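Novice: I have a structure here, written as structure tokens, and I will follow up with some questions on it.
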Amino acid sequence: MEGLFFNVNSGFLEGIVRGYKSGTLTQSHYASLTQCETLEDFKTQLSATDYGNFLANEPSPLSTATIADKATQILVDQFNFLRSNSVEPLSKFLDYITYGYMIDNVVLLITGTLHERDTHELLERCHPLGIFDTMPALCVATNVEELYQSVLVETPLAPYFRDCLSAADLDDMNIEIIRNTVYKAYLEDFYNYASTIGSTTAEVMHSILAFEADRRTINITINSFDTELTKEQRAKLFPAIGRLFPAGNNVLAKADDIDQVRQVCENVGEYRSFFDNSASAQSNGDLGDFGVAAQLEDRFFRMEVHLNKLAFLQQFQYGVFYSYVKLKEQEIRNITWIAECIAQDARDRIHDFIPIF
């Protein structure tokens with residue numbers, strides 16, 4: 001029944017986002033980009049893709065930061081077009097996508113306030129998808145108490161902060177604990193909201209958000225080894241969703257080394273490959289915990305790309321909007337990586353990116 005009426009309000013925008021997806025860089029595009037000798041050649045090759053002349057007005061010499069910023073701006077413009085033409089419930093779904101970026105931006109402002117940095121400078125470093133109308137009001141705050149009250153009044157993140165943290169926590173807690181506490185509440189809320197807007201959307205988004213929750217759980221576990229974070233505090237940061245929840249989360253909360261994390265992941269078929277090579281390399285002394293974590297991050301990105309590509313195999317659902325944003329972000333990371341390798345003449349690592357199609 002939901003498919004019968006989906007196109008009335010959202011069919012046009014679904015067609016638009018699938019059109020955006022068709023402009024994603026392919027293997028042949030990447031092959032051309034990796035053969036470039038200079039960033040000017042790189043710019044010329046990109047102009048033959050859907051990126052067009054997005055760097056035409058940039059003076060030489062080009063920097064990789066400029067390329068990343070301009071590519072991100074294209075994504076932001078596309079997203080804002082979708083958002084401005086959407087109606088409920090799609091408009092609220094698109095708002096939820098921005099909340100993750102808002103959390104990063106607000107945490108950045110909190111960090112700046114704690115260290116007495118000029119918050120107006122920090123605004124320039126905020127992710128454009130997470131900028132909201134009242135964000136400049138946060139820059140007026142001169143201490144953490146004022147900033148906390150501003151967040152509660154001025155931002156859509158108020159429920160996540162109000163239910164999880166107090167103003168005193170912002171002063172006392174490590175900034176990463178604050179970020180993960182708020183993000184946990186956001187993921188659980190997004191997961192529950194996806195359940196209310198149609199079975200197909202729920203199916204697609206539950207799969208993606210469950211993986212995102214598991215990724216954060218595994219990362220929190222590995223990053224908390226040999227730190228002051230207690231096992232009780234660690235457990236509180238784990239999202240209460242995902243393939244590992246609840247049994248896997250309970251084991252990870254008590255884990256003391258990478259090997260225990262690997263054993264938990266082996267209980268989920270799709271996660272077994274995450275530790276395949278890293279476990280043997282670590283036993284041979286080739287990798288430390290940091291090396292394993294770096295390999296894991298790469299495999300997490302590959303799994304994320306896979307799940308977001310699957311979202312496009314189903315129609316009459318909103319998951320494609322979320323997936324397009326994530327795939328485009330990965331493409332921007334790929335472009336930036338290749339550009340950085342060209343700029344630094346690091347040809348041996350230029351192929352260490354994650355192709356999408």
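A note on labels: chains of the structure tokens are A, B, ... as shown, every chain counts residues from 1, and ligands are counted from 1 in their shown order.
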Where in range 286-337 of chain A does DSSP assign alpha helix (DSSP H), given as a ChimeraX atom specification?

Specialist: /A:289-310,319-337

Novice: Skipping near chain neighbours, those fewer than 5 positions away, what residues fall within 10 Å of Gly242 in chain A using only C-alpha atoms, listed as a list in words?

Specialist: Glu188, Tyr191, His206, Ser207, Ile208, Leu209, Ala210, Phe211, Glu212, Ala213, Asp214, Arg215, Thr217, Gly248 and Asn249 of chain A

Novice: Can you pull out every residue within 7 Å of Leu327 in chain A, counting only C-alpha atoms, but drop anything in the same chain fewer than 4 positions away, and send it as a list in words?

Specialist: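 That gives Val305, Asn308, Ser323 and Glu331 of chain A.
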
Novice: Measure the distance from CA of Asp276 in chain A to CA of Thr34 in chain A in Å and round it to one decimal.

Specialist: 28.5 Å

Novice: Which residue out of A:Glu176, A:Ala168, A:Phe225, A:Ile97 has the minimum interatomic distance to Asp189 in chain A when only C-alpha atoms are used?

Specialist: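 Looking at the shortest contact to Asp189 in chain A, the residue is A:Ile97.
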
Novice: Mind pulling up the distance from CA of Lys21 in chain A to CA of Leu75 in chain A?

Specialist: 11.2 Å

Novice: Measuring atom to atom with only C-alpha atoms, identify which of A:Tyr183, A:Tyr193, A:Phe274, A:Tyr96 is nearest to Leu237 in chain A.

Specialist: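 Among A:Tyr183, A:Tyr193, A:Phe274, A:Tyr96, it is A:Tyr183 that comes nearest to Leu237 in chain A.
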
Novice: At a cut-off of 10 Å, using only C-alpha atoms, what residues contact Arg125 in chain A? Leave out same-chain residues fewer than 6 positions from it and give the result as a list in words.

Specialist: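 What passes the distance filter is Asn105, Leu108, Leu109 and Thr119 of chain A.
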
Novice: Would you list the contacts of Leu13 in chain A as a list in words, taking every protein, DNA or RNA residue within 12 Å and counting only C-alpha atoms, but skipping same-chain residues closer than 5 positions in sequence?

Specialist: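 Those residues are Phe6, Asn7, Val8, Arg18, Gly19, Tyr20, Gln78, Phe79, Asn80, Phe81, Leu82, Arg83, Ser84, Asn85, Ser86, Val87, Leu90, Ser91, Leu94, Phe316, Gln317, Tyr318, Val320 and Phe321 of chain A.
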
Novice: Of the candidates A:Cys341, A:Ile354, A:Leu114, A:Leu123, which one gets nearest to Asn143 in chain A if we count only C-alpha atoms?

Specialist: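 Distance minimum relative to Asn143 in chain A lands on A:Leu114.
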
Novice: Could you tell me how far CA of Ile175 in chain A lies from CA of Lys236 in chain A, in Å and to one decimal?

Specialist: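 Computing it gives 15.1 Å between the two atoms.
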
Novice: Quick one: residues within 9 Å of Leu252 in chain A, only C-alpha atoms counted, chain neighbours fewer than 4 positions away excluded, as an NGL selection string?

Specialist: :A and (217-218 or 221 or 234-235 or 247-248 or 256 or 260-261 or 264)

Novice: Pick the closest to Phe190 in chain A from A:Leu25, A:Ala202, A:Cys164, A:Val107: which is it, counting only C-alpha atoms?

Specialist: A:Ala202
